[in-house]
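Visitor: My questions will all concern the structure given below.
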Amino acid sequence: MQAPRLTELKLSTPKDYDGKREELRGFLLQIRLYLKANQEIYSTDDKKILFVLSHLKGGTAGPWAETYVYAHIQNDDIIFETFNEFIAEFQEAFEEVNTAGEALNKLRTMKQAGKTADEFI
């Protein structure tokens with residue numbers, strides 16, 4: 001008797017990521033939600049990493065994914081680290097350099113009623 005075949009939940013798949021730093025958090029959130037909803041299918045670190053890599057296309061993300069895969073080929077096999085280590089390396093490559101500083105700068109230059117935040121307060 002065969003085990004029932006697992007099928008993915010009918011959720012919208014994450015949009016491909018092209019390396020835009022300001023879109024990284026949203027991309028990772030969509031990836032985590034999708035993997036969590038389909039955890040029986042993406043049950044190993046390798047499957048999770050391959051899923052993420054399949055969504056890295058264009059911009060700077062596509063070449064990064066290709067370089068990452070080639071760096072992990074050993075004796076005609078691809079050897080990945082853990083999913084958490086992969087995500088840490090991925091975030092290091094693409095996260096905004098100074099998120100807090102950039103947020104503060106955006107607040108300072110934001111305008112309401114024609115005035116900056118400093119002037120408004």
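Residue numbering restarts at 1 in every chain; chains get A, B, ... in the order shown in the structure tokens, and ligands count up from 1 in that same order.
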Applying 9 Å and only C-alpha atoms, which residues near Phe94 of chain A remain after dropping the ones on its own chain fewer than 4 positions away? List them as a PyMOL selection string.
Guide: chain A and resi 19-22+24+60-61+89-90
Visitor: Just to be explicit: take each residue in the selection above, keep N, CA and C atoms, and write the result as a JSON list (two decimals), in the first residue's frame.
Guide:
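Okay, part01.json is ready:
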[["chain", "number", "residue", "atom", "x", "y", "z"],
["A", 19, "GLY", "N", 16.96, 40.92, -5.36],
["A", 19, "GLY", "CA", 18.08, 41.50, -4.62],
["A", 19, "GLY", "C", 17.84, 42.89, -4.08],
["A", 20, "LYS", "N", 16.67, 43.46, -4.31],
["A", 20, "LYS", "CA", 16.39, 44.80, -3.76],
["A", 20, "LYS", "C", 16.33, 44.71, -2.24],
["A", 21, "ARG", "N", 17.25, 45.42, -1.61],
["A", 21, "ARG", "CA", 17.38, 45.33, -0.16],
["A", 21, "ARG", "C", 16.10, 45.69, 0.59],
["A", 22, "GLU", "N", 15.38, 46.69, 0.09],
["A", 22, "GLU", "CA", 14.17, 47.13, 0.78],
["A", 22, "GLU", "C", 13.04, 46.10, 0.70],
["A", 24, "LEU", "N", 13.67, 42.71, 1.05],
["A", 24, "LEU", "CA", 14.15, 41.47, 1.67],
["A", 24, "LEU", "C", 13.22, 40.98, 2.77],
["A", 60, "THR", "N", 20.71, 41.22, -8.49],
["A", 60, "THR", "CA", 21.90, 40.67, -7.84],
["A", 60, "THR", "C", 21.62, 39.33, -7.19],
["A", 61, "ALA", "N", 20.34, 38.98, -7.00],
["A", 61, "ALA", "CA", 20.00, 37.74, -6.32],
["A", 61, "ALA", "C", 20.26, 36.51, -7.19],
["A", 89, "GLU", "N", 23.36, 33.71, 6.02],
["A", 89, "GLU", "CA", 24.27, 34.12, 4.95],
["A", 89, "GLU", "C", 23.53, 34.95, 3.90],
["A", 90, "PHE", "N", 22.31, 34.55, 3.58],
["A", 90, "PHE", "CA", 21.48, 35.26, 2.61],
["A", 90, "PHE", "C", 21.15, 36.67, 3.12]]
Visitor: Would you work out the distance separating atom CA of Asn38 of chain A from atom CA of Gly59 of chain A, expressed in Å to one decimal?
Guide: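 According to the coordinates, atom CA of Asn38 of chain A and atom CA of Gly59 of chain A are separated by 27.6 Å.
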Visitor: Sorted by chain and rising residue number, list the residues of segment 21-102 of chain A at most 8 Å from segment 8-11 of chain A (counting only C-alpha atoms), each with its closest atom pair and distance in Å to one decimal, as JSON lines.
Guide:
{"residue": "A:Tyr34", "atom": "CA", "partner": "A:Leu11", "partner_atom": "CA", "distance": 7.3}
{"residue": "A:Ala37", "atom": "CA", "partner": "A:Leu9", "partner_atom": "CA", "distance": 6.9}
{"residue": "A:Asn38", "atom": "CA", "partner": "A:Glu8", "partner_atom": "CA", "distance": 5.9}
{"residue": "A:Ile41", "atom": "CA", "partner": "A:Glu8", "partner_atom": "CA", "distance": 7.0}
Visitor: Print the selection's residues with N, CA and C atoms to a file, as a PDB file, in the first residue's frame.
Guide:
ATOM      1  N   TYR A  34       5.112  30.336   3.649  1.00  0.00           N
ATOM      2  CA  TYR A  34       4.877  29.276   2.677  1.00  0.00           C
ATOM      3  C   TYR A  34       5.494  27.957   3.147  1.00  0.00           C
ATOM      4  N   ALA A  37       3.430  26.515   6.038  1.00  0.00           N
ATOM      5  CA  ALA A  37       2.167  25.937   5.583  1.00  0.00           C
ATOM      6  C   ALA A  37       2.375  24.609   4.854  1.00  0.00           C
ATOM      7  N   ASN A  38       3.549  24.415   4.293  1.00  0.00           N
ATOM      8  CA  ASN A  38       3.855  23.201   3.530  1.00  0.00           C
ATOM      9  C   ASN A  38       5.012  22.428   4.151  1.00  0.00           C
ATOM     10  N   ILE A  41       5.983  18.856   3.032  1.00  0.00           N
ATOM     11  CA  ILE A  41       6.658  18.734   1.735  1.00  0.00           C
ATOM     12  C   ILE A  41       8.096  19.239   1.831  1.00  0.00           C
TER      13      ILE A  41
END
Visitor: Taking the DSSP assignment computed from this structure's backbone, write out as an MDAnalysis selection string all residues of chain A that belong to strand (DSSP E or B).
Guide: chainID A and resid 17 56 73:74 77:78 111:112 115:116
Visitor: Rank A:Lys48, A:Arg108, A:Lys57, A:Lys15 by their smallest atom-to-atom distance to Glu85 of chain A, using only C-alpha atoms, and report the top residue only.
Guide: A:Lys48
Visitor: Would you work out the distance separating atom CA of Tyr68 of chain A from atom CA of Thr82 of chain A, expressed in Å to one decimal?
Guide: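 Interatomic distance, atom CA of Tyr68 of chain A to atom CA of Thr82 of chain A: 13.6 Å.
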Visitor: Taking the chain letters and numbering used in this document, name the residues of chain A that DSSP puts in helix (DSSP H, G or I), as a ChimeraX atom specification.
Guide: /A:21-37,45-53,61-71,83-94,99-109,117-120
Visitor: Quick one: everything within 9 Å of Pro14 of chain A, counting only C-alpha atoms, minus sequence neighbours fewer than 6 positions away in the same chain. Send it as a ChimeraX atom specification.
Guide: /A:27-31,34,55
Visitor: Please produce a file of the residues just selected, as a tab-separated table (two decimals), in the first residue's frame, where the atoms kept are N, CA and C atoms.
Guide:
chain	number	residue	atom	x	y	z
A	27	PHE	N	10.05	39.47	1.43
A	27	PHE	CA	10.33	38.21	0.75
A	27	PHE	C	10.53	37.09	1.77
A	28	LEU	N	11.35	37.35	2.79
A	28	LEU	CA	11.61	36.31	3.79
A	28	LEU	C	10.35	35.95	4.57
A	29	LEU	N	9.50	36.92	4.84
A	29	LEU	CA	8.24	36.63	5.53
A	29	LEU	C	7.38	35.70	4.67
A	30	GLN	N	7.26	36.00	3.38
A	30	GLN	CA	6.47	35.15	2.49
A	30	GLN	C	7.08	33.74	2.39
A	31	ILE	N	8.39	33.65	2.34
A	31	ILE	CA	9.07	32.35	2.29
A	31	ILE	C	8.75	31.55	3.55
A	34	TYR	N	5.11	30.34	3.65
A	34	TYR	CA	4.88	29.28	2.68
A	34	TYR	C	5.49	27.96	3.15
A	55	HIS	N	13.63	30.89	-6.07
A	55	HIS	CA	12.95	32.19	-6.15
A	55	HIS	C	13.93	33.37	-6.21
Visitor: At what distance in Å, to one decimal, does atom CA of Gln39 of chain A lie from atom CA of Leu56 of chain A?
Guide: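 Separating atom CA of Leu56 of chain A from atom CA of Gln39 of chain A is a distance of 20.3 Å.
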Visitor: Nearest residue to Trp64 of chain A out of A:Glu92, A:Asp76, A:Glu40, A:Glu23, using only C-alpha atoms?
Guide: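 That would be A:Glu92, the residue with the smallest distance to Trp64 of chain A.
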Visitor: Of the residues A:Arg25, A:Ser12, A:His72, A:Asp18, which is the one nearest to Glu95 of chain A, using only C-alpha atoms?
Guide: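 Among the listed residues, A:Arg25 lies closest to Glu95 of chain A.
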Visitor: Nearest to Ile79 of chain A: which of A:Lys36, A:Val97, A:Thr109, A:Leu50 is it, counting only C-alpha atoms?
Guide: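 Looking at the shortest contact to Ile79 of chain A, the residue is A:Leu50.
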